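Structure first, commentary second.
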Amino acid sequence: MRWCLLCFLLVLSVRRALAQGGYTITDLGVGNQWYSEAHGLNNGGWAVGEYEPVGALYQHGFLYNGQTASGLGMFPDIYSIAWGINDSNVVVGEYLPRPNPFIIEAFKYSNGVVTGLGFLSSSSYSSAHAINRLGQIVGESSTNSTASVIHAVLWDNGTKVDLGVLSGNYSSANAINNSAIIVGESSVEGTTNVQAFIYTNSIVPMGTLGGDYSSAKSINDAGVVVGESTEVTGGVTNLQAFIYRDGIMASLRAQAATLGADSSSASGINNLGQIVGYLGFGQLTQAFLFDGTNMVNLIQYILPLSGFTNLSSAYGINDQGQIIGAGTLTNGDYHGFLLTPSKPWILLSAPALPTSSGFQVNIEGVPGAQFVVQASTDLSASNWLSLYTNVLTGSETNYTDTDSPNWRTRYYRALLLQ
């Protein structure tokens with residue numbers, strides 16, 4: 001057993017370096033500009049967002065094609081933001097089609113061609129936020145000439161559908177899944193705040209976590225929705241991430257609190273149920289990943305030489321596990337980022353000495369990695385016994401070998417199953 005424990009001590013000495021290698025990070029800055037922010041991501045690893053060119057008065061949309069990030073180059077290139085992209089690489093967002101009059105319009109962009117999407121009823125403002133696999137686009141549009149009334153809108157095969165409001169004069173659609181279920185936020189009667197809605201054939205309120213504000217940010221193809229809501233706990237109101245399924249809104253406050261955060265917000269969910277957003281530590285925010293069981297602060301996976309000192313927030317995650325967001329560089333600039341999961345790795349460690357009830361080992365690795373824990377009495381190649389097989393749902397789990405007290409000497413190892 002002394003030799004076995006020595007092996008674990010050697011493993012523990014490299015634990016931090018391995019954990020930080022869980023993702024590779026791509027800086028989504030455009031050129032040497034100080035500012036960029038990623039907003040949308042598709043399953044091919046293409047991303048879109050905004051950046052600020054030198055000498056420009058306003059931000060400009062960018063597209064990352066899996067290799068390089070560059071401006072969309074729309075004409076006239078005065079102002080634009082790219083909010084979403086689908087798996088056919090069609091980009092949607094908002095832009096200024098002409099300098100006079102100064103009217104912002106929703107657009108779609110494909111293969112270098114930009115098309116204005118128009119407005120619900122009055123040409124004063126519109127913005128496209130998301131696009132699904134079928135090319136259906138959602139966002140918001142003015143319904144009067146002063147843009148004092150704004151409604152959520154669906155652009156579907158050349159038609160514009162006013163999604164209405166819960167009450168009042170404001171609603172906005174943030175996301176649409178491949179079944180055309182739409183989520184967003186709307187003003188509600190008797191308050192100046194907004195609350196989350198879900199739309200199939202009509203707009204339906206989703207409620208809150210107990211406060212007076214909520215907003216639905218993303219929905220996957222299973223109809224699971226994530227977002228943010230105010231929640232009152234012990235007389236204190238904080239913003240917290242939520243999951244909404246089967247008509248029930250559940251808070252992620254407890255999971256955020258285990259990481260020391262006092263607030264949180266969820267921005268994206270993929271078809272595996274993985275959720276991303278940010279954790280709030282007072283004025284500081286940091287990106288998180290939640291797999292339905294475990295929540296991790298993504299900064300722990302970033303190597304010191306990555307160029308980033310903080311990952312402020314994560315805005316989206318695709319079905320490959322890639323994550324977009326924005327954070328601070330070592331020189332103080334603020335850039336969008338793309339996190340790509342590294343090749344699977346597994347790490348075995350022992351947190352404590354064996355006890356009469358068994359010997360516990362910790363298993364760490366990239367979420368989704370399948371592994372097996374094996375034991376041997378003599379380290380011979382033919383004498384390894386498989387004890388425990390599982391899949392990492394978070395970044396770590398543990399296993400207790402209750403049979404260990406029956407052995408004078410026992411060695412352990414963990415192997416990846418491909």
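In the structure tokens, chains take the letters A, B, ... in the order shown, each chain's residues start at 1, and ligands count up from 1 in the order shown.
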Proximity check stretch 179-203 of chain A to stretch 226-237 of chain A, 12 Å, nearest pairs one decimal Å, only C-alpha atoms, as CSV:
```
residue,atom,partner,partner_atom,distance
A:Val183,CA,A:Val226,CA,9.5
A:Gly184,CA,A:Gly227,CA,9.1
A:Glu185,CA,A:Gly227,CA,10.0
A:Asn193,CA,A:Thr230,CA,10.8
A:Val194,CA,A:Ser229,CA,9.9
A:Gln195,CA,A:Ser229,CA,8.2
A:Ala196,CA,A:Gly227,CA,8.3
A:Phe197,CA,A:Gly227,CA,10.7
A:Ile198,CA,A:Val226,CA,11.2
```
Find the residues around A:Ser313 up to 6 Å (only C-alpha atoms counted), leave out those fewer than 4 positions away in its own chain, and share them as a ChimeraX atom specification.
/A:277-278,286-287,325-326
Counting only C-alpha atoms, what is within 7 Å of A:Ala350, bar same-chain residues fewer than 2 positions away, as a compact mmCIF listing (two decimals) with N, CA, C and O atoms, in the first residue's frame?
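The result, stored in part-v8.txt:
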```
# COMPACT_ATOMS: atom_id res chain seq x y z
N PHE A 8 0.03 7.79 -6.12
CA PHE A 8 -0.98 8.84 -6.09
C PHE A 8 -0.37 10.20 -5.82
O PHE A 8 -0.78 11.20 -6.39
N ALA A 352 -7.40 10.73 0.49
CA ALA A 352 -7.17 10.35 1.89
C ALA A 352 -6.64 8.93 1.97
O ALA A 352 -6.69 8.17 1.00
N GLN A 360 -10.96 5.39 -1.19
CA GLN A 360 -11.62 6.29 -2.15
C GLN A 360 -10.61 6.91 -3.09
O GLN A 360 -9.55 7.38 -2.66
N VAL A 361 -10.97 6.94 -4.38
CA VAL A 361 -10.15 7.61 -5.39
C VAL A 361 -10.99 8.66 -6.09
O VAL A 361 -12.21 8.52 -6.23
N ASN A 362 -10.35 9.74 -6.52
CA ASN A 362 -10.98 10.78 -7.33
C ASN A 362 -10.61 10.57 -8.79
O ASN A 362 -9.45 10.24 -9.11
```
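For the choices A:Gly168, A:Gly61, A:Pro354, A:Gly365, the atom-to-atom distance to A:Ile150 is smallest for A:Gly168 when using only C-alpha atoms.
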Give me, as a PyMOL selection string, the residues of stretch 192-358 of chain A that a backbone DSSP run labels alpha helix (DSSP H).
chain A and resi 253-258
Atomic separation - atom CA of A:Gly394 relative to atom CA of A:Gly282, Å
25.4 Å
Among stretch 198-317 of chain A, which ones does DSSP assign to strand (DSSP E or B) (computed from the backbone)? Answer as a short mmCIF file (atom, residue, chain, number, x, y, z; two decimals) with N, CA, C and O atoms, in the first residue's frame.
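This is the output file result-v1.cif:
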```
data_model
loop_
_atom_site.label_atom_id
_atom_site.label_comp_id
_atom_site.auth_asym_id
_atom_site.auth_seq_id
_atom_site.Cartn_x
_atom_site.Cartn_y
_atom_site.Cartn_z
N ILE A 198 -42.54 32.01 -23.55
CA ILE A 198 -42.33 30.95 -24.52
C ILE A 198 -43.49 31.02 -25.51
O ILE A 198 -44.63 31.28 -25.13
N TYR A 199 -43.19 30.80 -26.79
CA TYR A 199 -44.18 30.98 -27.84
C TYR A 199 -44.21 29.75 -28.74
O TYR A 199 -43.19 29.34 -29.27
N ILE A 203 -48.17 33.66 -27.22
CA ILE A 203 -47.16 34.04 -26.23
C ILE A 203 -47.65 33.66 -24.83
O ILE A 203 -48.77 34.00 -24.44
N VAL A 204 -46.82 32.95 -24.07
CA VAL A 204 -47.20 32.43 -22.75
C VAL A 204 -46.12 32.83 -21.74
O VAL A 204 -44.93 32.61 -21.98
N PRO A 205 -46.51 33.39 -20.58
CA PRO A 205 -45.51 33.76 -19.57
C PRO A 205 -44.90 32.53 -18.90
O PRO A 205 -45.56 31.51 -18.72
N MET A 206 -43.63 32.63 -18.55
CA MET A 206 -42.92 31.54 -17.89
C MET A 206 -42.75 31.79 -16.39
O MET A 206 -42.28 30.92 -15.67
N GLY A 207 -43.10 32.98 -15.92
CA GLY A 207 -42.96 33.29 -14.51
C GLY A 207 -41.55 33.72 -14.13
O GLY A 207 -40.72 34.02 -15.00
N SER A 214 -37.56 38.36 -15.27
CA SER A 214 -36.96 37.16 -15.84
C SER A 214 -36.81 37.35 -17.34
O SER A 214 -37.52 38.16 -17.95
N SER A 215 -35.88 36.60 -17.94
CA SER A 215 -35.67 36.66 -19.38
C SER A 215 -35.18 35.30 -19.84
O SER A 215 -34.26 34.73 -19.25
N ALA A 216 -35.82 34.76 -20.89
CA ALA A 216 -35.41 33.47 -21.47
C ALA A 216 -34.39 33.75 -22.57
O ALA A 216 -34.67 34.49 -23.51
N LYS A 217 -33.22 33.14 -22.46
CA LYS A 217 -32.11 33.44 -23.36
C LYS A 217 -31.88 32.39 -24.44
O LYS A 217 -31.40 32.71 -25.53
N SER A 218 -32.19 31.12 -24.16
CA SER A 218 -31.85 30.06 -25.11
C SER A 218 -32.79 28.88 -24.91
O SER A 218 -33.32 28.66 -23.81
N ILE A 219 -32.98 28.09 -25.97
CA ILE A 219 -33.82 26.89 -25.92
C ILE A 219 -33.20 25.82 -26.82
O ILE A 219 -32.70 26.12 -27.90
N VAL A 225 -35.41 25.34 -21.63
CA VAL A 225 -35.10 26.76 -21.73
C VAL A 225 -34.19 27.18 -20.58
O VAL A 225 -34.32 26.68 -19.46
N VAL A 226 -33.27 28.10 -20.86
CA VAL A 226 -32.44 28.67 -19.80
C VAL A 226 -32.48 30.19 -19.91
O VAL A 226 -32.79 30.76 -20.96
N GLY A 227 -32.17 30.83 -18.79
CA GLY A 227 -32.16 32.28 -18.77
C GLY A 227 -31.77 32.81 -17.42
O GLY A 227 -30.99 32.18 -16.69
N GLU A 228 -32.35 33.95 -17.05
CA GLU A 228 -32.03 34.59 -15.78
C GLU A 228 -33.30 35.16 -15.16
O GLU A 228 -34.25 35.51 -15.87
N SER A 229 -33.29 35.23 -13.84
CA SER A 229 -34.44 35.77 -13.12
C SER A 229 -33.98 36.30 -11.77
O SER A 229 -33.03 35.79 -11.18
N THR A 230 -34.66 37.33 -11.29
CA THR A 230 -34.40 37.76 -9.92
C THR A 230 -35.01 36.75 -8.96
O THR A 230 -36.06 36.18 -9.21
N GLU A 231 -34.30 36.53 -7.86
CA GLU A 231 -34.74 35.58 -6.83
C GLU A 231 -34.48 36.20 -5.47
O GLU A 231 -33.42 36.80 -5.23
N VAL A 232 -35.45 36.07 -4.58
CA VAL A 232 -35.33 36.63 -3.23
C VAL A 232 -35.02 35.51 -2.26
O VAL A 232 -35.79 34.56 -2.11
N THR A 233 -33.87 35.60 -1.61
CA THR A 233 -33.45 34.59 -0.63
C THR A 233 -33.00 35.30 0.65
O THR A 233 -32.07 36.11 0.61
N VAL A 236 -32.84 39.05 0.50
CA VAL A 236 -31.89 39.64 -0.45
C VAL A 236 -32.27 39.22 -1.86
O VAL A 236 -32.51 38.03 -2.11
N THR A 237 -32.32 40.17 -2.77
CA THR A 237 -32.65 39.88 -4.16
C THR A 237 -31.39 39.83 -5.01
O THR A 237 -30.58 40.77 -4.99
N ASN A 238 -31.21 38.74 -5.73
CA ASN A 238 -30.08 38.58 -6.65
C ASN A 238 -30.57 38.00 -7.96
O ASN A 238 -31.60 37.32 -8.02
N LEU A 239 -29.81 38.24 -9.00
CA LEU A 239 -30.07 37.63 -10.30
C LEU A 239 -29.53 36.21 -10.28
O LEU A 239 -28.41 35.98 -9.83
N GLN A 240 -30.32 35.23 -10.77
CA GLN A 240 -29.87 33.85 -10.78
C GLN A 240 -30.25 33.17 -12.10
O GLN A 240 -31.28 33.47 -12.71
N ALA A 241 -29.39 32.26 -12.54
CA ALA A 241 -29.68 31.44 -13.72
C ALA A 241 -30.83 30.50 -13.43
O ALA A 241 -31.00 30.04 -12.29
N PHE A 242 -31.62 30.19 -14.48
CA PHE A 242 -32.69 29.22 -14.30
C PHE A 242 -32.72 28.22 -15.45
O PHE A 242 -32.22 28.48 -16.55
N ILE A 243 -33.32 27.05 -15.16
CA ILE A 243 -33.67 26.05 -16.16
C ILE A 243 -35.19 25.90 -16.12
O ILE A 243 -35.78 25.80 -15.04
N TYR A 244 -35.80 25.86 -17.30
CA TYR A 244 -37.26 25.74 -17.40
C TYR A 244 -37.58 24.53 -18.27
O TYR A 244 -37.19 24.48 -19.45
N ARG A 245 -38.26 23.55 -17.67
CA ARG A 245 -38.70 22.38 -18.43
C ARG A 245 -40.04 21.90 -17.88
O ARG A 245 -40.29 21.97 -16.68
N ILE A 248 -41.92 24.11 -15.43
CA ILE A 248 -41.37 24.41 -14.10
C ILE A 248 -40.04 25.14 -14.26
O ILE A 248 -39.15 24.69 -14.99
N MET A 249 -39.89 26.27 -13.56
CA MET A 249 -38.65 27.03 -13.55
C MET A 249 -37.87 26.70 -12.28
O MET A 249 -38.39 26.81 -11.17
N ALA A 250 -36.61 26.26 -12.47
CA ALA A 250 -35.75 25.88 -11.34
C ALA A 250 -34.51 26.75 -11.31
O ALA A 250 -33.91 27.04 -12.35
N SER A 251 -34.12 27.16 -10.12
CA SER A 251 -32.97 28.04 -9.93
C SER A 251 -31.67 27.27 -9.88
O SER A 251 -31.62 26.13 -9.40
N SER A 263 -24.47 35.52 -7.49
CA SER A 263 -25.46 35.68 -8.55
C SER A 263 -25.01 34.87 -9.76
O SER A 263 -23.88 34.38 -9.82
N SER A 264 -25.92 34.73 -10.74
CA SER A 264 -25.59 33.96 -11.94
C SER A 264 -26.58 34.27 -13.03
O SER A 264 -27.65 34.85 -12.80
N SER A 265 -26.23 33.89 -14.26
CA SER A 265 -27.12 34.04 -15.41
C SER A 265 -26.77 32.98 -16.43
O SER A 265 -25.59 32.70 -16.66
N ALA A 266 -27.77 32.35 -17.04
CA ALA A 266 -27.55 31.33 -18.07
C ALA A 266 -27.87 31.92 -19.44
O ALA A 266 -28.93 32.53 -19.63
N SER A 267 -26.97 31.72 -20.41
CA SER A 267 -27.11 32.33 -21.73
C SER A 267 -27.33 31.32 -22.84
O SER A 267 -27.86 31.68 -23.89
N GLY A 268 -26.87 30.08 -22.66
CA GLY A 268 -26.96 29.12 -23.75
C GLY A 268 -27.12 27.70 -23.26
O GLY A 268 -26.65 27.34 -22.16
N ILE A 269 -27.79 26.85 -24.06
CA ILE A 269 -27.93 25.43 -23.78
C ILE A 269 -27.86 24.68 -25.09
O ILE A 269 -28.39 25.12 -26.11
N ILE A 275 -25.14 23.70 -20.17
CA ILE A 275 -25.55 25.09 -20.02
C ILE A 275 -24.34 25.96 -19.73
O ILE A 275 -23.46 25.57 -18.96
N VAL A 276 -24.32 27.15 -20.33
CA VAL A 276 -23.25 28.11 -20.05
C VAL A 276 -23.85 29.45 -19.67
O VAL A 276 -25.00 29.76 -19.98
N GLY A 277 -23.04 30.27 -19.00
CA GLY A 277 -23.45 31.59 -18.58
C GLY A 277 -22.35 32.25 -17.78
O GLY A 277 -21.17 32.02 -18.05
N TYR A 278 -22.76 33.02 -16.78
CA TYR A 278 -21.74 33.63 -15.93
C TYR A 278 -22.12 33.54 -14.46
O TYR A 278 -23.29 33.47 -14.10
N LEU A 279 -21.09 33.55 -13.62
CA LEU A 279 -21.22 33.61 -12.17
C LEU A 279 -20.84 35.01 -11.72
O LEU A 279 -19.89 35.61 -12.25
N GLY A 280 -21.57 35.55 -10.73
CA GLY A 280 -21.27 36.86 -10.21
C GLY A 280 -20.65 36.78 -8.83
O GLY A 280 -21.20 36.15 -7.92
N PHE A 281 -19.48 37.42 -8.69
CA PHE A 281 -18.79 37.51 -7.41
C PHE A 281 -18.68 39.00 -7.07
O PHE A 281 -17.64 39.62 -7.32
N LEU A 284 -17.32 41.21 -10.02
CA LEU A 284 -16.59 40.33 -10.94
C LEU A 284 -17.52 39.25 -11.49
O LEU A 284 -18.30 38.66 -10.73
N THR A 285 -17.44 39.00 -12.79
CA THR A 285 -18.18 37.89 -13.38
C THR A 285 -17.21 36.92 -14.05
O THR A 285 -16.18 37.33 -14.58
N GLN A 286 -17.55 35.63 -14.02
CA GLN A 286 -16.73 34.59 -14.64
C GLN A 286 -17.63 33.53 -15.28
O GLN A 286 -18.69 33.21 -14.76
N ALA A 287 -17.18 33.01 -16.43
CA ALA A 287 -17.98 32.06 -17.21
C ALA A 287 -18.09 30.72 -16.50
O ALA A 287 -17.14 30.25 -15.87
N PHE A 288 -19.27 30.07 -16.65
CA PHE A 288 -19.44 28.74 -16.08
C PHE A 288 -19.97 27.77 -17.12
O PHE A 288 -20.56 28.15 -18.14
N LEU A 289 -19.80 26.47 -16.82
CA LEU A 289 -20.40 25.37 -17.56
C LEU A 289 -21.13 24.49 -16.55
O LEU A 289 -20.57 24.12 -15.52
N PHE A 290 -22.39 24.15 -16.86
CA PHE A 290 -23.19 23.28 -16.00
C PHE A 290 -23.73 22.14 -16.85
O PHE A 290 -24.32 22.37 -17.91
N MET A 295 -21.42 22.04 -11.74
CA MET A 295 -21.11 23.35 -12.31
C MET A 295 -19.63 23.63 -12.10
O MET A 295 -19.09 23.38 -11.02
N VAL A 296 -18.95 24.13 -13.14
CA VAL A 296 -17.53 24.45 -13.04
C VAL A 296 -17.30 25.87 -13.52
O VAL A 296 -17.99 26.35 -14.42
N ASN A 297 -16.34 26.52 -12.90
CA ASN A 297 -15.86 27.83 -13.35
C ASN A 297 -14.84 27.59 -14.45
O ASN A 297 -13.82 26.95 -14.23
N PHE A 308 -5.42 35.26 -21.85
CA PHE A 308 -6.59 35.74 -21.12
C PHE A 308 -6.34 35.67 -19.62
O PHE A 308 -5.82 34.69 -19.11
N THR A 309 -6.75 36.73 -18.92
CA THR A 309 -6.66 36.73 -17.46
C THR A 309 -8.02 36.41 -16.82
O THR A 309 -8.07 36.02 -15.66
N ASN A 310 -9.11 36.61 -17.58
CA ASN A 310 -10.43 36.29 -17.05
C ASN A 310 -11.38 35.98 -18.20
O ASN A 310 -11.29 36.60 -19.27
N LEU A 311 -12.25 35.01 -18.00
CA LEU A 311 -13.34 34.73 -18.92
C LEU A 311 -14.60 35.29 -18.26
O LEU A 311 -15.16 34.69 -17.35
N SER A 312 -15.05 36.44 -18.72
CA SER A 312 -16.11 37.18 -18.02
C SER A 312 -17.47 36.52 -18.14
O SER A 312 -18.26 36.53 -17.20
N SER A 313 -17.77 35.95 -19.32
CA SER A 313 -19.06 35.32 -19.51
C SER A 313 -19.01 34.37 -20.69
O SER A 313 -18.21 34.56 -21.62
N ALA A 314 -19.86 33.34 -20.65
CA ALA A 314 -20.04 32.44 -21.79
C ALA A 314 -21.44 32.67 -22.35
O ALA A 314 -22.41 32.69 -21.59
N TYR A 315 -21.55 32.83 -23.68
CA TYR A 315 -22.82 33.19 -24.29
C TYR A 315 -23.48 32.06 -25.08
O TYR A 315 -24.67 32.14 -25.36
N GLY A 316 -22.73 31.05 -25.44
CA GLY A 316 -23.32 29.97 -26.23
C GLY A 316 -22.47 28.73 -26.20
O GLY A 316 -21.25 28.78 -25.97
N ILE A 317 -23.10 27.56 -26.43
CA ILE A 317 -22.40 26.28 -26.49
C ILE A 317 -23.05 25.44 -27.57
O ILE A 317 -24.28 25.36 -27.67
#
```
Using only C-alpha atoms, which residue out of A:Ser380, A:Asn178, A:Ser36, A:Ser186 lies closest to A:Asn271?
A:Asn178
